[in-house]
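Data block for query-v7.pdb (PDB, C-alpha atoms):
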ATOM      1  CA  MET A   1       0.000   0.000   0.000
ATOM      2  CA  ASN A   2       1.240   3.540  -0.827
ATOM      3  CA  LYS A   3       2.834   5.001   2.311
ATOM      4  CA  ARG A   4       1.180   8.394   1.835
ATOM      5  CA  PHE A   5      -2.233   6.757   1.413
ATOM      6  CA  LEU A   6      -1.627   4.711   4.566
ATOM      7  CA  ASN A   7      -0.781   7.848   6.537
ATOM      8  CA  ILE A   8      -3.925   9.595   5.333
ATOM      9  CA  ALA A   9      -6.070   6.549   6.088
ATOM     10  CA  THR A  10      -4.635   6.285   9.616
ATOM     11  CA  LEU A  11      -5.160   9.961  10.327
ATOM     12  CA  SER A  12      -8.660   9.732   8.889
ATOM     13  CA  LEU A  13      -9.519   7.007  11.425
ATOM     14  CA  LEU A  14      -8.190   9.181  14.233
ATOM     15  CA  PHE A  15     -10.329  12.043  12.974
ATOM     16  CA  SER A  16     -13.470   9.910  12.753
ATOM     17  CA  ALA A  17     -13.015   8.752  16.343
ATOM     18  CA  ASN A  18     -12.901  12.388  17.430
ATOM     19  CA  LEU A  19     -16.379  13.237  16.115
ATOM     20  CA  SER A  20     -19.493  13.435  18.266
ATOM     21  CA  ALA A  21     -22.819  13.638  16.482
ATOM     22  CA  GLY A  22     -24.616  16.980  16.707
ATOM     23  CA  ALA A  23     -21.889  18.696  18.735
ATOM     24  CA  MET A  24     -20.503  22.105  17.839
ATOM     25  CA  PRO A  25     -16.996  21.776  16.393
ATOM     26  CA  GLN A  26     -14.341  21.918  19.088
ATOM     27  CA  ARG A  27     -11.276  21.352  16.910
ATOM     28  CA  ILE A  28     -11.391  23.914  14.100
ATOM     29  CA  ALA A  29      -8.666  24.285  11.477
ATOM     30  CA  SER A  30      -8.540  27.419   9.333
ATOM     31  CA  GLY A  31      -6.825  27.154   5.964
ATOM     32  CA  THR A  32      -7.008  30.794   4.778
ATOM     33  CA  VAL A  33      -5.882  34.080   6.277
ATOM     34  CA  GLY A  34      -9.391  35.519   5.853
ATOM     35  CA  THR A  35     -10.930  32.821   8.017
ATOM     36  CA  ASP A  36      -7.987  33.066  10.440
ATOM     37  CA  GLU A  37      -8.871  36.702  11.110
ATOM     38  CA  THR A  38     -12.603  36.089  11.394
ATOM     39  CA  LEU A  39     -12.405  32.988  13.581
ATOM     40  CA  LEU A  40     -10.094  34.683  16.075
ATOM     41  CA  VAL A  41     -12.732  37.385  16.561
ATOM     42  CA  LEU A  42     -15.704  35.019  16.757
ATOM     43  CA  LEU A  43     -13.913  32.646  19.135
ATOM     44  CA  LYS A  44     -12.485  35.284  21.462
ATOM     45  CA  GLY A  45     -12.263  33.653  24.878
ATOM     46  CA  GLU A  46     -12.566  30.186  23.330
ATOM     47  CA  GLU A  47      -9.413  30.181  21.255
ATOM     48  CA  GLN A  48      -8.670  26.620  22.415
ATOM     49  CA  ARG A  49     -11.270  25.499  19.868
ATOM     50  CA  LEU A  50      -8.841  26.568  17.136
ATOM     51  CA  VAL A  51      -6.302  23.842  16.508
ATOM     52  CA  ALA A  52      -4.669  25.381  13.428
ATOM     53  CA  LEU A  53      -4.407  28.570  11.397
ATOM     54  CA  SER A  54      -3.141  29.091   7.873
ATOM     55  CA  THR A  55       0.540  29.357   7.047
ATOM     56  CA  LEU A  56       0.012  33.074   6.289
ATOM     57  CA  ALA A  57      -1.453  33.933   9.698
ATOM     58  CA  ASP A  58       1.920  35.087  11.065
ATOM     59  CA  ASN A  59       2.888  37.115   7.979
ATOM     60  CA  PRO A  60       2.041  40.834   8.375
ATOM     61  CA  LYS A  61       2.240  41.292   4.606
ATOM     62  CA  TYR A  62      -0.941  39.257   4.269
ATOM     63  CA  SER A  63      -2.423  39.065   7.759
ATOM     64  CA  PHE A  64      -3.895  41.645  10.144
ATOM     65  CA  ILE A  65      -3.514  39.360  13.154
ATOM     66  CA  GLN A  66      -1.531  41.175  15.830
ATOM     67  CA  GLU A  67      -1.123  38.325  18.278
ATOM     68  CA  ILE A  68      -1.878  34.642  17.847
ATOM     69  CA  PRO A  69      -2.922  32.784  21.007
ATOM     70  CA  LYS A  70      -0.160  30.485  22.226
ATOM     71  CA  SER A  71      -2.628  27.612  22.256
ATOM     72  CA  VAL A  72      -2.877  27.731  18.441
ATOM     73  CA  LYS A  73       0.430  26.160  17.495
ATOM     74  CA  ALA A  74      -0.281  24.402  14.191
ATOM     75  CA  ARG A  75      -0.146  26.034  10.751
ATOM     76  CA  VAL A  76      -1.744  24.329   7.779
ATOM     77  CA  GLY A  77      -1.696  24.937   4.050
ATOM     78  CA  ASP A  78      -2.082  22.877   0.886
ATOM     79  CA  ASN A  79      -1.052  19.676   2.595
ATOM     80  CA  ILE A  80      -3.566  16.958   3.450
ATOM     81  CA  GLU A  81      -1.375  15.332   6.096
ATOM     82  CA  SER A  82      -0.874  18.578   8.045
ATOM     83  CA  LEU A  83      -4.628  19.135   8.122
ATOM     84  CA  LEU A  84      -5.503  15.605   9.204
ATOM     85  CA  PHE A  85      -2.689  15.493  11.758
ATOM     86  CA  VAL A  86      -4.415  18.091  13.975
ATOM     87  CA  LYS A  87      -7.558  15.881  14.011
ATOM     88  CA  PRO A  88     -10.054  18.665  13.202
ATOM     89  CA  ASP A  89     -13.808  18.274  13.438
ATOM     90  CA  LEU A  90     -14.126  21.249  11.064
ATOM     91  CA  VAL A  91     -11.816  22.611   8.371
ATOM     92  CA  VAL A  92     -12.638  26.027   6.883
ATOM     93  CA  LEU A  93     -11.317  26.716   3.387
ATOM     94  CA  ALA A  94     -12.234  28.938   0.432
ATOM     95  CA  SER A  95     -13.104  28.432  -3.222
ATOM     96  CA  TYR A  96      -9.567  29.499  -4.123
ATOM     97  CA  SER A  97      -8.047  26.788  -1.897
ATOM     98  CA  SER A  98      -6.605  23.692  -3.544
ATOM     99  CA  ALA A  99      -9.426  21.668  -5.109
ATOM    100  CA  ASP A 100      -7.410  18.492  -4.556
ATOM    101  CA  ILE A 101      -7.119  19.195  -0.821
ATOM    102  CA  ILE A 102     -10.851  19.851  -0.541
ATOM    103  CA  GLU A 103     -11.684  16.582  -2.292
ATOM    104  CA  GLN A 104      -9.175  14.599  -0.234
ATOM    105  CA  LEU A 105     -10.587  15.991   3.005
ATOM    106  CA  LYS A 106     -14.104  15.081   1.960
ATOM    107  CA  ALA A 107     -12.924  11.601   0.984
ATOM    108  CA  ALA A 108     -11.419  11.272   4.460
ATOM    109  CA  LYS A 109     -14.879  12.191   5.842
ATOM    110  CA  VAL A 110     -13.649  15.473   7.304
ATOM    111  CA  ASN A 111     -16.289  18.148   7.854
ATOM    112  CA  VAL A 112     -15.229  20.879   5.397
ATOM    113  CA  LYS A 113     -16.755  24.331   4.986
ATOM    114  CA  VAL A 114     -15.744  25.996   1.717
ATOM    115  CA  GLN A 115     -16.536  29.698   1.505
ATOM    116  CA  LYS A 116     -17.390  30.235  -2.151
ATOM    117  CA  ALA A 117     -18.484  33.835  -2.780
ATOM    118  CA  PHE A 118     -16.139  36.837  -2.650
ATOM    119  CA  GLY A 119     -17.846  39.294  -4.994
ATOM    120  CA  GLY A 120     -18.297  42.139  -2.541
ATOM    121  CA  ILE A 121     -19.056  43.343   0.982
ATOM    122  CA  SER A 122     -22.375  41.482   1.150
ATOM    123  CA  ASP A 123     -20.631  38.188   0.353
ATOM    124  CA  ILE A 124     -18.104  38.753   3.109
ATOM    125  CA  GLU A 125     -20.872  39.534   5.590
ATOM    126  CA  THR A 126     -22.740  36.391   4.529
ATOM    127  CA  ASN A 127     -19.560  34.343   4.976
ATOM    128  CA  ILE A 128     -19.139  35.718   8.503
ATOM    129  CA  LYS A 129     -22.720  34.882   9.456
ATOM    130  CA  GLU A 130     -22.542  31.395   7.965
ATOM    131  CA  LEU A 131     -19.315  30.740   9.845
ATOM    132  CA  GLY A 132     -20.882  32.046  13.054
ATOM    133  CA  ALA A 133     -23.832  29.677  12.679
ATOM    134  CA  LEU A 134     -21.502  26.774  11.950
ATOM    135  CA  ILE A 135     -19.520  27.196  15.177
ATOM    136  CA  GLY A 136     -22.334  28.379  17.451
ATOM    137  CA  LYS A 137     -21.308  32.024  17.428
ATOM    138  CA  GLU A 138     -24.290  33.654  15.691
ATOM    139  CA  LYS A 139     -24.442  36.597  18.109
ATOM    140  CA  GLU A 140     -20.744  37.324  17.734
ATOM    141  CA  ALA A 141     -21.071  37.154  13.938
ATOM    142  CA  ASP A 142     -23.998  39.592  13.976
ATOM    143  CA  ILE A 143     -21.980  41.990  16.135
ATOM    144  CA  LEU A 144     -19.004  41.780  13.765
ATOM    145  CA  VAL A 145     -21.188  42.457  10.714
ATOM    146  CA  ALA A 146     -22.898  45.367  12.485
ATOM    147  CA  SER A 147     -19.453  46.781  13.274
ATOM    148  CA  MET A 148     -18.554  46.551   9.584
ATOM    149  CA  GLU A 149     -21.732  48.356   8.582
ATOM    150  CA  LYS A 150     -21.119  51.155  11.086
ATOM    151  CA  SER A 151     -17.540  51.566   9.893
ATOM    152  CA  ILE A 152     -18.763  51.783   6.302
ATOM    153  CA  ALA A 153     -21.504  54.281   7.160
ATOM    154  CA  ASP A 154     -19.040  56.489   9.054
ATOM    155  CA  ALA A 155     -16.613  56.458   6.121
ATOM    156  CA  LEU A 156     -19.276  57.286   3.540
ATOM    157  CA  ALA A 157     -20.649  60.118   5.665
ATOM    158  CA  LYS A 158     -17.274  61.887   5.437
ATOM    159  CA  GLN A 159     -16.544  61.376   1.744
ATOM    160  CA  PRO A 160     -17.018  64.222  -0.765
ATOM    161  CA  LYS A 161     -20.030  63.984  -3.057
ATOM    162  CA  CYS A 162     -18.751  64.130  -6.626
ATOM    163  CA  LYS A 163     -20.989  65.210  -9.496
ATOM    164  CA  LYS A 164     -18.920  62.915 -11.667
ATOM    165  CA  ARG A 165     -17.381  59.837 -10.117
ATOM    166  CA  PRO A 166     -13.632  59.581 -10.750
ATOM    167  CA  THR A 167     -12.817  56.398 -12.636
ATOM    168  CA  VAL A 168     -10.295  53.809 -11.482
ATOM    169  CA  ILE A 169      -8.633  50.610 -12.566
ATOM    170  CA  GLN A 170      -6.442  48.327 -10.474
ATOM    171  CA  TYR A 171      -2.919  47.835 -11.750
ATOM    172  CA  ALA A 172      -1.556  44.324 -12.196
ATOM    173  CA  SER A 173       1.803  43.537 -13.756
ATOM    174  CA  ASN A 174       0.331  40.421 -15.385
ATOM    175  CA  TYR A 175      -2.576  42.418 -16.865
ATOM    176  CA  ILE A 176      -5.138  40.313 -14.965
ATOM    177  CA  VAL A 177      -7.437  42.994 -13.573
ATOM    178  CA  PRO A 178     -10.682  43.016 -11.559
ATOM    179  CA  GLY A 179     -14.011  43.790 -13.196
ATOM    180  CA  THR A 180     -17.489  43.288 -11.764
ATOM    181  CA  ASP A 181     -18.175  40.550  -9.202
ATOM    182  CA  THR A 182     -14.926  41.269  -7.359
ATOM    183  CA  ILE A 183     -14.419  42.760  -3.922
ATOM    184  CA  ILE A 184     -12.390  45.721  -5.143
ATOM    185  CA  ASP A 185     -15.038  46.603  -7.737
ATOM    186  CA  ASP A 186     -17.815  46.620  -5.131
ATOM    187  CA  ILE A 187     -15.753  48.535  -2.590
ATOM    188  CA  ALA A 188     -14.476  51.130  -5.076
ATOM    189  CA  GLU A 189     -18.028  51.794  -6.267
ATOM    190  CA  ARG A 190     -19.302  52.150  -2.699
ATOM    191  CA  ALA A 191     -16.388  54.458  -1.863
ATOM    192  CA  GLY A 192     -17.443  56.874  -4.617
ATOM    193  CA  PHE A 193     -15.225  55.771  -7.489
ATOM    194  CA  HIS A 194     -16.287  54.075 -10.703
ATOM    195  CA  ASN A 195     -14.480  50.994 -11.950
ATOM    196  CA  VAL A 196     -13.890  51.909 -15.597
ATOM    197  CA  LEU A 197     -13.965  48.221 -16.506
ATOM    198  CA  ARG A 198     -17.702  48.235 -15.879
ATOM    199  CA  ASP A 199     -18.082  50.348 -19.013
ATOM    200  CA  ILE A 200     -16.904  47.454 -21.173
ATOM    201  CA  ASN A 201     -18.821  44.770 -19.247
ATOM    202  CA  PHE A 202     -15.592  43.283 -17.918
ATOM    203  CA  LYS A 203     -16.285  40.522 -15.379
ATOM    204  CA  GLY A 204     -14.246  38.924 -12.637
ATOM    205  CA  TRP A 205     -10.461  38.705 -12.596
ATOM    206  CA  SER A 206      -9.522  38.403 -16.256
ATOM    207  CA  PRO A 207      -6.663  39.347 -18.588
ATOM    208  CA  ILE A 208      -6.969  42.633 -20.441
ATOM    209  CA  SER A 209      -5.188  43.458 -23.687
ATOM    210  CA  ALA A 210      -2.899  46.458 -24.007
ATOM    211  CA  GLU A 211      -5.067  47.715 -26.880
ATOM    212  CA  VAL A 212      -8.181  47.819 -24.678
ATOM    213  CA  LEU A 213      -6.364  49.196 -21.641
ATOM    214  CA  VAL A 214      -5.076  52.334 -23.374
ATOM    215  CA  GLN A 215      -8.594  53.245 -24.477
ATOM    216  CA  LEU A 216     -10.103  53.213 -20.973
ATOM    217  CA  LYS A 217      -8.547  56.467 -19.651
ATOM    218  CA  PRO A 218      -9.047  55.951 -15.885
ATOM    219  CA  ASP A 219      -8.650  58.983 -13.624
ATOM    220  CA  PHE A 220      -6.794  56.964 -10.978
ATOM    221  CA  ILE A 221      -4.753  53.791 -10.709
ATOM    222  CA  ILE A 222      -5.219  51.583  -7.636
ATOM    223  CA  ALA A 223      -2.175  49.468  -6.841
ATOM    224  CA  SER A 224      -0.704  47.315  -4.116
ATOM    225  CA  ALA A 225       2.018  48.771  -1.931
ATOM    226  CA  ALA A 226       3.798  45.449  -2.496
ATOM    227  CA  ASP A 227       4.463  46.572  -6.072
ATOM    228  CA  ALA A 228       6.630  49.563  -5.098
ATOM    229  CA  SER A 229       7.954  51.428  -2.069
ATOM    230  CA  SER A 230       6.107  54.661  -2.921
ATOM    231  CA  LYS A 231       3.730  56.249  -5.420
ATOM    232  CA  GLU A 232       6.692  57.888  -7.120
ATOM    233  CA  ALA A 233       8.502  54.561  -7.429
ATOM    234  CA  LEU A 234       5.429  52.889  -8.869
ATOM    235  CA  GLN A 235       4.877  55.757 -11.301
ATOM    236  CA  LYS A 236       8.465  55.398 -12.515
ATOM    237  CA  MET A 237       7.923  51.668 -12.987
ATOM    238  CA  LEU A 238       4.638  52.141 -14.856
ATOM    239  CA  LEU A 239       6.202  54.728 -17.154
ATOM    240  CA  GLN A 240       8.406  51.883 -18.371
ATOM    241  CA  ALA A 241       5.501  49.456 -18.834
ATOM    242  CA  ALA A 242       3.819  48.985 -22.183
ATOM    243  CA  ALA A 243       0.234  50.292 -22.246
ATOM    244  CA  TRP A 244       0.258  51.534 -18.634
ATOM    245  CA  GLN A 245       2.741  54.274 -19.575
ATOM    246  CA  LYS A 246       0.199  55.734 -22.020
ATOM    247  CA  LEU A 247      -2.447  56.409 -19.365
ATOM    248  CA  ASP A 248      -2.805  60.006 -18.163
ATOM    249  CA  ALA A 249      -3.342  58.732 -14.621
ATOM    250  CA  VAL A 250       0.172  57.279 -14.732
ATOM    251  CA  LYS A 251       1.737  60.316 -16.409
ATOM    252  CA  ASN A 252       0.207  62.635 -13.801
ATOM    253  CA  GLY A 253       0.953  60.380 -10.830
ATOM    254  CA  ARG A 254      -2.681  59.816  -9.888
ATOM    255  CA  ILE A 255      -1.946  56.600  -8.041
ATOM    256  CA  ILE A 256      -3.616  55.207  -4.932
ATOM    257  CA  LEU A 257      -1.201  52.863  -3.186
ATOM    258  CA  VAL A 258      -2.912  50.396  -0.828
ATOM    259  CA  PRO A 259      -1.240  48.031   1.669
ATOM    260  CA  ASP A 260      -1.236  44.555   0.147
ATOM    261  CA  ARG A 261      -3.065  42.849   3.019
ATOM    262  CA  LEU A 262      -5.775  45.516   2.822
ATOM    263  CA  LEU A 263      -6.184  45.526  -0.956
ATOM    264  CA  TYR A 264      -6.692  41.764  -1.099
ATOM    265  CA  THR A 265      -8.558  41.187   2.160
ATOM    266  CA  VAL A 266     -11.520  38.795   2.153
ATOM    267  CA  SER A 267     -12.391  39.222   5.829
ATOM    268  CA  TYR A 268     -14.185  41.897   7.861
ATOM    269  CA  HIS A 269     -11.239  44.198   7.126
ATOM    270  CA  ALA A 270     -12.947  44.891   3.788
ATOM    271  CA  ALA A 271     -14.811  47.663   5.629
ATOM    272  CA  GLU A 272     -11.420  49.191   6.418
ATOM    273  CA  LEU A 273     -10.478  49.031   2.737
ATOM    274  CA  LEU A 274     -13.656  50.910   1.870
ATOM    275  CA  GLY A 275     -12.792  53.569   4.444
ATOM    276  CA  PHE A 276      -9.265  53.845   3.045
ATOM    277  CA  LEU A 277     -10.505  54.399  -0.511
ATOM    278  CA  ALA A 278     -13.198  56.826   0.635
ATOM    279  CA  THR A 279     -10.508  59.058   2.126
ATOM    280  CA  GLU A 280      -8.627  58.973  -1.192
ATOM    281  CA  LEU A 281     -11.649  60.142  -3.208
ATOM    282  CA  ARG A 282     -11.020  63.314  -5.215
ATOM    283  CA  CYS A 283     -13.692  64.899  -7.377
ATOM    284  CA  GLY A 284     -12.991  66.180 -10.893
ATOM    285  CA  GLY A 285     -13.462  65.401 -14.545
ATOM    286  CA  GLU A 286     -11.691  62.790 -16.584
ATOM    287  CA  GLY A 287      -8.148  63.789 -17.411
ATOM    288  CA  SER A 288      -8.216  66.790 -15.077
ATOM    289  CA  SER A 289      -5.348  67.798 -12.868
ATOM    290  CA  MET A 290      -7.008  66.326  -9.791
ATOM    291  CA  PRO A 291      -4.991  66.782  -6.631
ATOM    292  CA  VAL A 292      -3.407  63.622  -5.300
ATOM    293  CA  LYS A 293      -3.252  62.979  -1.579
ATOM    294  CA  LYS A 294       0.350  62.537  -0.494
TER     295      LYS A 294
END
As structure tokens, the full file:
Amino acid sequence: MNKRFLNIATLSLLFSANLSAGAMPQRIASGTVGTDETLLVLLKGEEQRLVALSTLADNPKYSFIQEIPKSVKARVGDNIESLLFVKPDLVVLASYSSADIIEQLKAAKVNVKVQKAFGGISDIETNIKELGALIGKEKEADILVASMEKSIADALAKQPKCKKRPTVIQYASNYIVPGTDTIIDDIAERAGFHNVLRDINFKGWSPISAEVLVQLKPDFIIASAADASSKEALQKMLLQAAAWQKLDAVKNGRIILVPDRLLYTVSYHAAELLGFLATELRCGGEGSSMPVKK
């Protein structure tokens, strides 16, 4: 018998013996940084129910977690053995997690929750509530969602009201950019911007051609702070990039640099991203010399 298969089978038996019918999960493994962040809030005071977090939980480039409870020692990623080894009675993953891992966990009769929708704020709030119901923390989930809504309302109350929404596009070096049904599209629209990709019915994260890009004429470029150390550094880089260099937003330095963990968050921190973009909102017409916040 294949040694790896034997290991998985053995660990699967250990897992099965750990289950108790109808009980709330007491050994929860989180496989994504988004669920790491959410579970640590929902399980505050009961952190011992978390037996593992994702391998990115400790990395401040991707994670907002300030301090991980000492009781949560294990880190798991795209490895079936590491997940089964902690004998979880619930594993929380996402649609972008390894499909092979998800199928192997199900085959091993592990209770797996796969969060599937990440198209905007409402999806994130639904994910939080579903997770709360799954672990017996409905009240805590409702409180977290209400906190998100208040944060969003406070941010929108302070933003300027533009007669014409400034247009944006998110920069990506591989030219795979976000259209509708993405978190950044929903958040940018709520924050008072307009994702210029909506005008060409561009959906999801998809590649865009240089020929199409140069015709869009966005007022601002949204980019990750992981791409450059400053707006000036990113502008210099984009002025050397085919297609991007032709955009007035690049030539005039109208760049909104966002911390990487904030730009790509799929947890309750999405409300913080909305607040960040709302403070960057500048009114003006397309191609104008709009002031840029330093």
Please evaluate the PyMOL selection byres ((chain A and resi 49) around 12) against the structure above and give the resulting residues as an MDAnalysis selection string. chainID A and resid 24:30 39:40 42:48 50:53 69 71:73 86:91 135:136
Distance criterion (all atoms listed in the file): nearest to Lys203 (chain A) out of A:Ser122, A:Gln66, A:Ser82, A:Thr182: A:Thr182
Residue nearest Gly77 (chain A) - candidates A:Ala94, A:Leu239, A:Ile200, A:Leu56, atoms counted: only C-alpha atoms: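 Ranking A:Ala94, A:Leu239, A:Ile200, A:Leu56 by distance to Gly77 (chain A), first place goes to A:Leu56.
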So which one's closest to Ile222 (chain A), A:Asp248, A:Asp154, A:Asp186, A:Glu280? Using only C-alpha atoms, please.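 Smallest separation from Ile222 (chain A) among the options: A:Glu280.
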Give me the residues near Ile221 (chain A) as a PyMOL selection string, where near means some atom within 6 Å (using all atoms listed in the file) and where sequence neighbours in that chain fewer than 5 positions away do not count. chain A and resi 168-170+255
Kindly give the distance, in Å, that separates CA of Ser209 (chain A) and CA of Ile184 (chain A), rounded to a single decimal.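 Between CA of Ser209 (chain A) and CA of Ile184 (chain A) the gap works out to 20.0 Å.
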